[in-house]
$ cat start.txt   # compact mmCIF, C-alpha atoms
# COMPACT_ATOMS: atom_id res chain seq x y z
CA MET A 1 85.58 -3.62 -25.78
CA ARG A 2 88.85 -5.16 -24.65
CA ASN A 3 88.17 -4.02 -21.07
CA VAL A 4 84.71 -5.58 -21.19
CA LEU A 5 86.13 -8.90 -22.39
CA THR A 6 88.79 -8.79 -19.70
CA LEU A 7 86.19 -8.20 -17.00
CA LEU A 8 84.02 -11.00 -18.40
CA HIS A 9 86.99 -13.36 -18.38
CA CYS A 10 87.76 -12.49 -14.77
CA PHE A 11 84.12 -13.00 -13.77
CA LEU A 12 83.96 -16.42 -15.45
CA THR A 13 87.24 -17.42 -13.80
CA VAL A 14 85.87 -16.52 -10.37
CA VAL A 15 82.68 -18.47 -11.05
CA MET A 16 84.63 -21.52 -12.18
CA VAL A 17 86.93 -21.39 -9.15
CA PHE A 18 83.93 -21.01 -6.82
CA ALA A 19 82.13 -23.92 -8.45
CA HIS A 20 85.24 -26.08 -8.29
CA THR A 21 85.70 -25.17 -4.64
CA CYS A 22 82.10 -26.06 -3.83
CA LEU A 23 82.58 -29.49 -5.35
CA GLU A 24 85.56 -30.09 -3.06
CA ILE A 25 83.77 -28.99 0.13
CA ASP A 26 83.17 -31.44 2.94
CA ALA A 27 81.01 -30.36 5.86
CA ALA A 28 82.94 -29.12 8.85
CA THR A 29 82.58 -31.21 12.00
CA ARG A 30 83.45 -31.26 15.66
CA SER A 31 85.12 -34.42 16.91
CA VAL A 32 84.16 -36.65 19.80
CA PHE A 33 86.19 -36.03 22.95
CA LYS A 34 88.90 -38.67 23.52
CA PRO A 35 90.70 -39.76 26.71
CA VAL A 36 94.49 -39.73 27.00
CA VAL A 37 94.38 -43.51 27.50
CA PRO A 38 91.63 -44.85 25.18
CA GLU A 39 89.84 -48.00 26.26
CA ASP A 40 91.36 -50.04 23.44
CA GLN A 41 94.84 -49.09 24.69
CA ALA A 42 94.18 -49.64 28.38
CA VAL A 43 95.70 -53.14 28.56
CA ALA A 44 98.89 -52.01 26.83
CA TRP A 45 99.12 -49.02 29.19
CA LEU A 46 98.63 -51.20 32.27
CA LYS A 47 101.23 -53.70 31.02
CA LYS A 48 103.73 -50.91 30.46
CA HIS A 49 103.34 -49.55 33.99
CA ASN A 50 103.02 -52.88 35.82
CA HIS A 51 104.33 -56.43 35.48
CA ASP A 52 101.46 -57.55 33.25
CA ALA A 53 97.73 -57.06 32.67
CA GLU A 54 94.72 -58.57 30.97
CA GLU A 55 91.16 -57.50 30.24
CA LEU A 56 88.38 -59.22 32.16
CA GLY A 57 85.46 -57.67 30.30
CA LYS A 58 82.86 -55.08 31.25
CA GLY A 59 85.55 -52.47 31.76
CA ARG A 60 87.49 -54.49 34.35
CA TYR A 61 91.16 -55.49 34.28
CA ARG A 62 93.44 -57.90 36.12
CA ILE A 63 96.81 -56.36 36.90
CA TYR A 64 99.86 -58.44 37.79
CA TRP A 65 102.41 -56.83 40.08
CA ARG A 66 105.65 -57.80 41.78
CA ASP A 67 105.55 -58.38 45.53
CA TYR A 68 109.07 -57.88 46.85
CA SER A 69 108.28 -59.19 50.34
CA GLY A 70 109.76 -62.49 49.17
CA GLY A 71 109.28 -65.27 46.66
CA ASP A 72 110.91 -67.76 44.34
CA LEU A 73 111.35 -65.41 41.36
CA ARG A 74 114.31 -63.10 40.80
CA ASP A 75 114.35 -59.76 39.01
CA GLU A 76 117.14 -58.26 36.87
CA ASP A 77 119.09 -57.30 40.00
CA GLY A 78 118.65 -60.68 41.61
CA ASP A 79 116.08 -59.54 44.19
CA PRO A 80 113.40 -62.10 45.10
CA TYR A 81 109.74 -61.43 44.36
CA SER A 82 106.42 -63.15 43.73
CA ILE A 83 103.57 -62.28 41.34
CA ARG A 84 100.32 -60.98 42.82
CA THR A 85 97.13 -59.83 41.15
CA PHE A 86 94.88 -56.86 41.62
CA ASP A 87 91.51 -56.53 39.86
CA TRP A 88 90.71 -52.96 38.86
CA GLY A 89 87.69 -51.37 37.22
CA PRO A 90 85.35 -50.53 35.77
CA ARG A 91 87.32 -47.67 34.29
CA GLY A 92 85.61 -44.33 33.90
CA GLY A 93 85.38 -42.02 30.94
CA LYS A 94 83.26 -44.42 28.88
CA ALA A 95 81.25 -41.71 27.19
CA ASN A 96 81.30 -40.37 23.64
CA VAL A 97 80.79 -36.65 23.99
CA LEU A 98 80.54 -33.62 21.72
CA VAL A 99 80.96 -30.14 23.17
CA ALA A 100 79.60 -27.38 20.96
CA ASN A 101 80.69 -23.87 21.86
CA ARG A 102 80.79 -20.26 20.74
CA VAL A 103 82.17 -16.92 21.86
CA GLU A 104 80.81 -13.40 21.60
CA LEU A 105 82.00 -9.95 22.60
CA VAL A 106 80.27 -8.56 25.70
CA LYS A 107 78.92 -5.04 25.21
CA ILE A 108 80.48 -2.41 27.44
CA GLY A 109 77.33 -1.93 29.54
CA ASN A 110 77.14 -5.66 30.34
CA ARG A 111 80.74 -6.17 31.37
CA THR A 112 81.49 -7.36 34.89
CA THR A 113 85.02 -6.01 35.24
CA PRO A 114 86.10 -2.38 34.95
CA ASP A 115 87.77 -1.26 31.75
CA ARG A 116 91.30 -0.23 32.64
CA GLY A 117 92.73 -0.35 29.16
CA GLY A 118 92.98 -4.14 29.15
CA LEU A 119 91.59 -6.83 26.88
CA PRO A 120 87.87 -6.83 26.00
CA GLU A 121 85.39 -9.08 27.78
CA TYR A 122 83.94 -12.10 26.00
CA ARG A 123 81.15 -14.56 26.80
CA TYR A 124 81.89 -18.28 26.27
CA THR A 125 78.96 -20.69 25.93
CA TYR A 126 79.12 -24.52 25.91
CA ASN A 127 76.67 -27.34 25.18
CA ILE A 128 77.34 -31.02 25.95
CA THR A 129 75.87 -33.83 23.88
CA SER A 130 76.37 -37.39 25.14
CA LEU A 131 75.99 -39.72 22.17
CA GLU A 132 73.83 -42.82 22.29
CA THR A 133 77.00 -44.93 22.21
CA SER A 134 78.04 -43.64 25.65
CA GLN A 135 78.17 -46.24 28.42
CA GLN A 136 78.38 -43.89 31.40
CA PRO A 137 76.52 -40.64 32.15
CA VAL A 138 78.37 -37.33 32.26
CA HIS A 139 78.40 -35.49 35.58
CA SER A 140 80.74 -32.55 35.10
CA LEU A 141 82.45 -30.23 32.66
CA LYS A 142 85.74 -28.41 33.18
CA ILE A 143 87.13 -25.69 30.93
CA ARG A 144 90.88 -25.49 31.58
CA THR A 145 91.82 -21.83 31.46
CA HIS A 146 95.54 -22.39 31.95
CA ASP A 147 96.48 -19.34 29.88
CA LEU A 148 94.38 -16.98 31.99
CA PRO A 149 95.76 -15.47 35.22
CA LYS A 150 93.99 -16.97 38.24
CA ASN A 151 93.11 -13.56 39.63
CA TRP A 152 91.16 -12.56 36.50
CA GLU A 153 87.50 -12.80 37.45
CA ARG A 154 85.21 -15.24 35.64
CA ASP A 155 81.50 -14.38 35.76
CA ILE A 156 79.97 -17.88 35.70
CA SER A 157 76.37 -18.95 34.92
CA ASN A 158 74.92 -22.41 35.52
CA PRO A 159 72.46 -24.70 33.75
CA LEU A 160 69.27 -25.30 35.71
CA GLY A 161 70.02 -27.71 38.55
CA TRP A 162 73.80 -27.39 38.22
CA LYS A 163 76.42 -25.53 40.24
CA ASN A 164 79.90 -24.19 39.58
CA TYR A 165 83.01 -24.22 41.73
CA GLY A 166 83.67 -20.50 41.60
CA GLN A 167 86.90 -18.70 40.92
CA PRO A 168 90.21 -20.60 40.77
CA SER A 169 92.19 -20.66 43.99
CA LEU A 170 95.25 -18.44 43.92
CA HIS A 171 97.31 -21.22 45.50
CA ALA A 172 100.28 -22.12 43.29
CA GLY A 173 99.31 -25.78 42.95
CA SER A 174 95.57 -25.29 42.42
CA ASN A 175 93.72 -26.02 39.22
CA ASN A 176 93.04 -23.12 36.91
CA GLY A 177 89.68 -23.56 35.27
CA VAL A 178 85.91 -23.23 35.34
CA SER A 179 83.98 -26.35 36.46
CA TRP A 180 80.33 -27.38 36.73
CA SER A 181 78.54 -30.38 38.24
CA PRO A 182 74.88 -31.21 39.04
CA LYS A 183 73.35 -30.27 42.35
CA SER A 184 72.13 -33.09 44.54
CA GLY A 185 69.15 -34.80 42.94
CA THR A 186 69.76 -33.40 39.45
CA PRO A 187 70.10 -36.14 36.79
CA TYR A 188 73.40 -36.56 35.03
CA ILE A 189 73.65 -36.17 31.25
CA SER A 190 72.61 -39.64 30.16
CA PRO A 191 73.46 -41.21 26.76
CA GLY A 192 71.49 -39.68 23.91
CA THR A 193 70.78 -36.38 25.68
CA SER A 194 72.22 -32.85 25.72
CA ARG A 195 72.69 -30.08 28.24
CA GLY A 196 73.37 -26.41 27.52
CA GLY A 197 73.73 -23.31 29.63
CA PHE A 198 77.38 -23.64 30.65
CA VAL A 199 78.41 -19.99 30.36
CA PHE A 200 81.07 -17.67 31.70
CA GLN A 201 82.54 -14.35 30.68
CA CYS A 202 85.88 -12.73 31.41
CA ARG A 203 88.52 -10.44 30.00
CA SER A 204 90.58 -12.35 27.49
CA LEU A 205 91.09 -12.95 23.82
CA PRO A 206 89.42 -16.09 22.36
CA GLY A 207 91.77 -18.96 21.64
CA ILE A 208 91.75 -22.76 21.48
CA ILE A 209 92.04 -24.49 24.86
CA ARG A 210 91.27 -27.85 26.48
CA ALA A 211 88.07 -29.05 28.11
CA ASP A 212 87.33 -32.27 30.04
CA VAL A 213 84.14 -34.08 30.96
CA TRP A 214 83.82 -36.53 33.84
CA THR A 215 81.62 -39.60 33.97
CA SER A 216 80.12 -41.66 36.77
CA GLY A 217 80.71 -45.38 37.22
CA GLY A 218 84.51 -45.48 37.30
CA SER A 219 86.41 -47.34 40.03
CA ILE A 220 88.30 -45.23 42.55
CA ASN A 221 89.87 -48.25 44.27
CA GLY A 222 93.64 -48.49 44.13
CA HIS A 223 96.64 -50.40 45.39
CA GLU A 224 99.88 -48.77 46.45
CA ALA A 225 102.00 -51.24 44.48
CA VAL A 226 99.88 -51.01 41.32
CA THR A 227 99.78 -48.22 38.76
CA THR A 228 96.41 -47.40 37.21
CA PRO A 229 95.48 -44.37 35.09
CA TYR A 230 94.46 -41.26 36.98
CA HIS A 231 90.89 -40.16 36.35
CA HIS A 232 92.07 -37.30 34.14
CA GLN A 233 93.88 -39.79 31.91
CA TYR A 234 90.67 -41.59 30.97
CA ALA A 235 88.32 -38.60 31.15
CA PRO A 236 87.09 -37.62 27.67
CA ARG A 237 88.80 -34.41 26.60
CA GLY A 238 88.97 -32.20 23.56
CA LEU A 239 89.66 -28.70 22.28
CA VAL A 240 87.18 -25.84 22.49
CA VAL A 241 87.12 -22.08 22.11
CA GLY A 242 88.12 -20.47 25.38
CA PRO A 243 89.86 -17.50 26.99
CA VAL A 244 93.56 -16.75 26.77
CA ALA A 245 95.53 -13.74 27.90
CA ILE A 246 97.96 -11.91 25.64
CA PRO A 247 99.84 -8.66 26.27
CA VAL A 248 97.70 -5.63 25.51
CA GLU A 249 100.66 -4.13 23.66
CA THR A 250 100.86 -7.07 21.20
CA SER A 251 101.62 -5.62 17.76
CA VAL A 252 99.15 -5.76 14.89
CA LEU A 253 101.63 -7.94 12.98
CA GLU A 254 101.71 -10.46 15.83
CA LEU A 255 97.91 -10.35 16.08
CA THR A 256 97.74 -11.12 12.35
CA ARG A 257 100.11 -14.06 12.74
CA ARG A 258 98.05 -15.28 15.68
CA LEU A 259 94.90 -15.12 13.54
CA GLU A 260 96.71 -17.10 10.83
CA THR A 261 97.55 -19.79 13.38
CA LEU A 262 93.97 -19.95 14.64
CA THR A 263 92.72 -20.29 11.06
CA SER A 264 95.12 -23.16 10.37
CA GLN A 265 94.20 -24.84 13.65
CA SER A 266 90.51 -24.57 12.77
CA VAL A 267 91.24 -26.47 9.56
CA GLU A 268 93.26 -29.11 11.41
CA LEU A 269 90.44 -29.60 13.92
CA GLY A 270 87.85 -29.98 11.16
CA TRP A 271 85.99 -26.83 12.19
CA LEU A 272 86.73 -25.16 8.85
CA ASP A 273 87.14 -26.78 5.45
CA ALA A 274 90.51 -26.16 3.78
CA SER A 275 88.86 -24.85 0.62
CA ALA A 276 86.95 -22.22 2.56
CA ALA A 277 90.07 -21.35 4.55
CA ALA A 278 92.17 -20.61 1.46
CA PRO A 279 90.77 -17.10 0.76
CA LEU A 280 90.84 -16.28 4.47
CA GLN A 281 94.51 -17.22 4.65
CA GLN A 282 95.22 -15.15 1.56
CA TYR A 283 93.67 -12.06 3.15
CA LEU A 284 95.95 -12.54 6.15
CA ALA A 285 99.01 -13.00 3.95
CA ASN A 286 98.05 -9.80 2.12
CA THR A 287 97.73 -8.07 5.50
CA ARG A 288 101.25 -9.01 6.47
CA THR A 289 102.51 -7.74 3.12
CA ALA A 290 100.68 -4.46 3.65
CA PHE A 291 102.29 -4.04 7.07
CA GLY A 292 105.69 -4.63 5.48
CA LYS A 293 105.02 -1.75 3.10
CA ASN A 294 103.59 0.43 5.89
CA GLN A 295 100.20 0.40 4.14
CA GLN A 296 97.94 0.53 7.20
CA SER A 297 94.78 1.34 5.23
CA GLN A 298 95.33 -1.61 2.90
CA ALA A 299 95.87 -3.90 5.89
CA ARG A 300 92.56 -2.75 7.34
CA ARG A 301 90.78 -3.45 4.03
CA GLU A 302 92.21 -6.99 3.97
CA ILE A 303 91.00 -7.75 7.50
CA GLN A 304 87.58 -6.27 6.69
CA ALA A 305 87.45 -8.58 3.66
CA PHE A 306 88.36 -11.47 6.01
CA VAL A 307 85.37 -10.62 8.22
CA THR A 308 83.05 -10.19 5.23
CA THR A 309 84.00 -13.65 3.94
CA LEU A 310 83.38 -15.16 7.37
CA ASN A 311 79.95 -13.52 7.51
CA ALA A 312 79.09 -15.01 4.12
CA LEU A 313 80.09 -18.47 5.32
CA GLU A 314 78.02 -17.99 8.45
CA LYS A 315 74.93 -17.08 6.42
CA GLN A 316 75.33 -20.28 4.40
CA ARG A 317 75.72 -22.28 7.62
CA ALA A 318 72.57 -20.74 9.08
CA VAL A 319 70.58 -21.58 5.94
CA GLY A 320 71.88 -25.15 6.07
CA GLU A 321 70.77 -25.54 9.68
CA GLN A 322 67.27 -24.30 8.86
CA THR A 323 66.81 -26.64 5.90
CA ASP A 324 68.30 -29.75 7.44
CA LYS A 325 68.08 -30.04 11.23
CA ILE A 326 70.83 -32.25 12.66
CA THR A 327 69.70 -35.05 14.97
CA VAL A 328 71.77 -36.40 17.85
CA PRO A 329 74.40 -38.63 16.16
CA SER A 330 75.42 -42.06 17.31
CA ALA A 331 78.71 -42.50 15.47
CA GLY A 332 82.18 -41.21 16.30
CA VAL A 333 81.85 -37.86 14.57
CA GLU A 334 78.98 -35.44 14.44
CA LYS A 335 76.96 -36.21 11.33
CA GLN A 336 76.27 -33.29 9.05
CA ASN A 337 74.87 -32.92 5.58
CA PRO A 338 77.84 -32.77 3.15
CA ALA A 339 76.00 -29.96 1.33
CA GLU A 340 76.22 -27.70 4.35
CA PRO A 341 78.67 -24.79 4.42
CA PRO A 342 82.20 -25.82 5.43
CA ILE A 343 82.34 -24.01 8.78
CA ILE A 344 80.90 -24.56 12.24
CA GLU A 345 80.12 -22.03 14.92
CA GLU A 346 83.38 -22.61 16.78
CA ALA A 347 85.51 -21.50 13.83
CA PHE A 348 83.22 -18.64 12.86
CA THR A 349 83.01 -17.03 16.30
CA LEU A 350 86.67 -17.69 17.12
CA LEU A 351 88.02 -16.14 13.93
CA LYS A 352 85.54 -13.28 13.77
CA THR A 353 86.12 -12.09 17.34
CA ASN A 354 89.88 -12.13 16.82
CA ALA A 355 89.63 -10.34 13.48
CA GLU A 356 87.38 -7.67 14.95
CA TYR A 357 89.79 -7.18 17.84
CA LEU A 358 92.61 -6.76 15.31
CA LEU A 359 90.56 -4.07 13.52
CA THR A 360 90.28 -2.12 16.78
CA GLN A 361 94.09 -2.03 16.93
CA LEU A 362 94.59 -0.74 13.38

$ encode --input "start.txt" --output "structure tokens"
Amino acid sequence: MRNVLTLLHCFLTVVMVFAHTCLEIDAATRSVFKPVVPEDQAVAWLKKHNHDAEELGKGRYRIYWRDYSGGDLRDEDGDPYSIRTFDWGPRGGKANVLVANRVELVKIGNRTTPDRGGLPEYRYTYNITSLETSQQPVHSLKIRTHDLPKNWERDISNPLGWKNYGQPSLHAGSNNGVSWSPKSGTPYISPGTSRGGFVFQCRSLPGIIRADVWTSGGSINGHEAVTTPYHHQYAPRGLVVGPVAIPVETSVLELTRRLETLTSQSVELGWLDASAAAPLQQYLANTRTAFGKNQQSQARREIQAFVTTLNALEKQRAVGEQTDKITVPSAGVEKQNPAEPPIIEEAFTLLKTNAEYLLTQL
């Protein structure tokens, strides 16, 4: 009888904790991409890097610079100069963009690179949504694969009417990434519309990396004596799931710590609610404890429980999507029903693929 009461008490405790957790849940979100120099900070940035600046409206700026060819004014060192002006703009990057993405393991028969005992091959898929508040259309996407060796092949697929720029150049100063832009005559991604089909696969392990989108309508005019932001400083950018390379011989303990970091980062990014992350983090802490006691089987059970919990969250997310379709949002953060499960596809696929890779190493 005492055992029955104990079990009943434990069951009620679990139910109460679950109910309390549900009450604390806020829907997970993905944030709008932001430029390094936001529009509301552009004047301050221009003032810092030039003599002075002011906003003219409609994305244009008047920049004041020192002309040292002569003049009545003197600088700190006593050199003569005069004040000139240069009108710059409109600036680019005036688009509010969401990039949804996911990752999945590529089955052995569909892999494009030979298996030589290296990392598995994964497929990364991206979808761009330009919000109605955007002021410029989007004309390219770049996934910055800095952590991937340039000579690792990327098998790239394009949306209809778009092209990619192929494999990164092996030149030391070249960009390392995967980029797409529309073919001639293909419309850009205008405000209030979406475009999917940005896909590539490669050997890697999924991580969190940077992506940029480029917009049309920005000024490319410059002046040698004036400092204006480079296009990549006002291009909307954000973090997405993407490929990274780690040593194949990475220990299971280090893989567990890496998975802990990815879980915490998912919470920080808003991809995973902290309440839902708590049991996941506990499984990983238990895994580390099991490794410390050389309990390999127990460590495996903890990671399997981690995956099972993720699958349960994913089922709730799928149900939420079916019952309440999300429309294209117009505010600064993707709008979701607060009753939806506290995880989005980025966190689910990122954490699950890494946990399943860890299981293959146990």

$ residues_around --input "start.txt" --residues "segment 282-293 of chain A" --least-positions-apart "6" --cutoff "9 Å" --atoms "all atoms listed in the file" --output "PDB file with C-alpha atoms, in the coordinates of the input"
ATOM      1  CA  VAL A 252      99.150  -5.760  14.890  1.00  0.00           C
ATOM      2  CA  LEU A 253     101.630  -7.940  12.980  1.00  0.00           C
ATOM      3  CA  THR A 256      97.740 -11.120  12.350  1.00  0.00           C
ATOM      4  CA  ARG A 257     100.110 -14.060  12.740  1.00  0.00           C
ATOM      5  CA  LEU A 259      94.900 -15.120  13.540  1.00  0.00           C
ATOM      6  CA  GLU A 260      96.710 -17.100  10.830  1.00  0.00           C
ATOM      7  CA  ALA A 299      95.870  -3.900   5.890  1.00  0.00           C
ATOM      8  CA  ARG A 300      92.560  -2.750   7.340  1.00  0.00           C
ATOM      9  CA  ARG A 301      90.780  -3.450   4.030  1.00  0.00           C
ATOM     10  CA  GLU A 302      92.210  -6.990   3.970  1.00  0.00           C
ATOM     11  CA  ILE A 303      91.000  -7.750   7.500  1.00  0.00           C
ATOM     12  CA  ALA A 305      87.450  -8.580   3.660  1.00  0.00           C
ATOM     13  CA  PHE A 306      88.360 -11.470   6.010  1.00  0.00           C
TER      14      PHE A 306
END

$ closest_atom_pairs --input "start.txt" --of "segment 221-294 of chain A" --to "segment 72-85 of chain A" --cutoff "12 Å" --atoms "only C-alpha atoms" --output "CSV"
residue,atom,partner,partner_atom,distance
A:His223,CA,A:Thr85,CA,10.4
A:Ala225,CA,A:Arg84,CA,10.0
A:Val226,CA,A:Thr85,CA,9.2

$ closest_atom_pairs --input "start.txt" --of "segment 133-222 of chain A" --to "segment 99-108 of chain A" --cutoff "9 Å" --atoms "all atoms listed in the file" --output "tab-separated table"
residue	atom	partner	partner_atom	distance
A:Gln201	CA	A:Val106	CA	8.0
A:Pro206	CA	A:Val103	CA	7.3
A:Ala211	CA	A:Val99	CA	8.7

$ closest_residue --input "start.txt" --among "A:Ala347, A:Leu362, A:Ile143, A:Thr228" --to "Gln295 of chain A" --atoms "only C-alpha atoms"
A:Leu362

$ residues_around --input "start.txt" --residues "Asn176 of chain A" --least-positions-apart "6" --cutoff "9 Å" --atoms "only C-alpha atoms" --output "count of residues only"
12

$ residues_around --input "start.txt" --residues "Gly185 of chain A" --least-positions-apart "6" --cutoff "12 Å" --atoms "only C-alpha atoms" --output "ChimeraX atom specification"
/A:139,160-162

$ residues_around --input "start.txt" --residues "Asp40 of chain A" --least-positions-apart "3" --cutoff "12 Å" --atoms "only C-alpha atoms" --output "ChimeraX atom specification"
/A:34-37,43-46,54-55,57,59,91,94,234

$ closest_residue --input "start.txt" --among "A:Asp67, A:Gln136, A:Cys202, A:Ala355" --to "Thr112 of chain A" --atoms "all atoms listed in the file"
A:Cys202

$ closest_residue --input "start.txt" --among "A:Glu132, A:Asp155, A:Asp87, A:Asp115" --to "Thr193 of chain A" --atoms "all atoms listed in the file"
A:Glu132

$ closest_residue --input "start.txt" --among "A:Leu313, A:Leu351, A:Ile246, A:Ala318" --to "Gln281 of chain A" --atoms "all atoms listed in the file"
A:Leu351

$ residues_around --input "start.txt" --residues "Leu350 of chain A" --least-positions-apart "3" --cutoff "12 Å" --atoms "all atoms listed in the file" --output "ChimeraX atom specification"
/A:101-105,122-124,205-209,240-244,258-263,265-266,271-272,307,310,343-347,353-357

$ closest_residue --input "start.txt" --among "A:Thr250, A:Ser140, A:Ser219, A:Ser194" --to "Trp180 of chain A" --atoms "all atoms listed in the file"
A:Ser140

$ atom_distance --input "start.txt" --atom1 "atom CA of Asp212 of chain A" --atom2 "atom CA of Asp273 of chain A"
25.2 Å

$ closest_residue --input "start.txt" --among "A:Glu121, A:Asn110, A:Leu56, A:Leu358" --to "Leu255 of chain A" --atoms "only C-alpha atoms"
A:Leu358

$ atom_distance --input "start.txt" --atom1 "atom CA of Thr349 of chain A" --atom2 "atom CA of Asn311 of chain A"
9.9 Å

$ residues_near_point --input "start.txt" --point "(87.8, -36.4, 31.5)" --cutoff "8 Å" --atoms "only C-alpha atoms" --output "list in words"
Pro35, Gly93, Asp212, Val213, Trp214, Thr215, His231, His232, Gln233, Tyr234, Ala235, Pro236 and Arg237 of chain A

$ atom_distance --input "start.txt" --atom1 "atom CA of Leu141 of chain A" --atom2 "atom CA of Lys163 of chain A"
10.8 Å
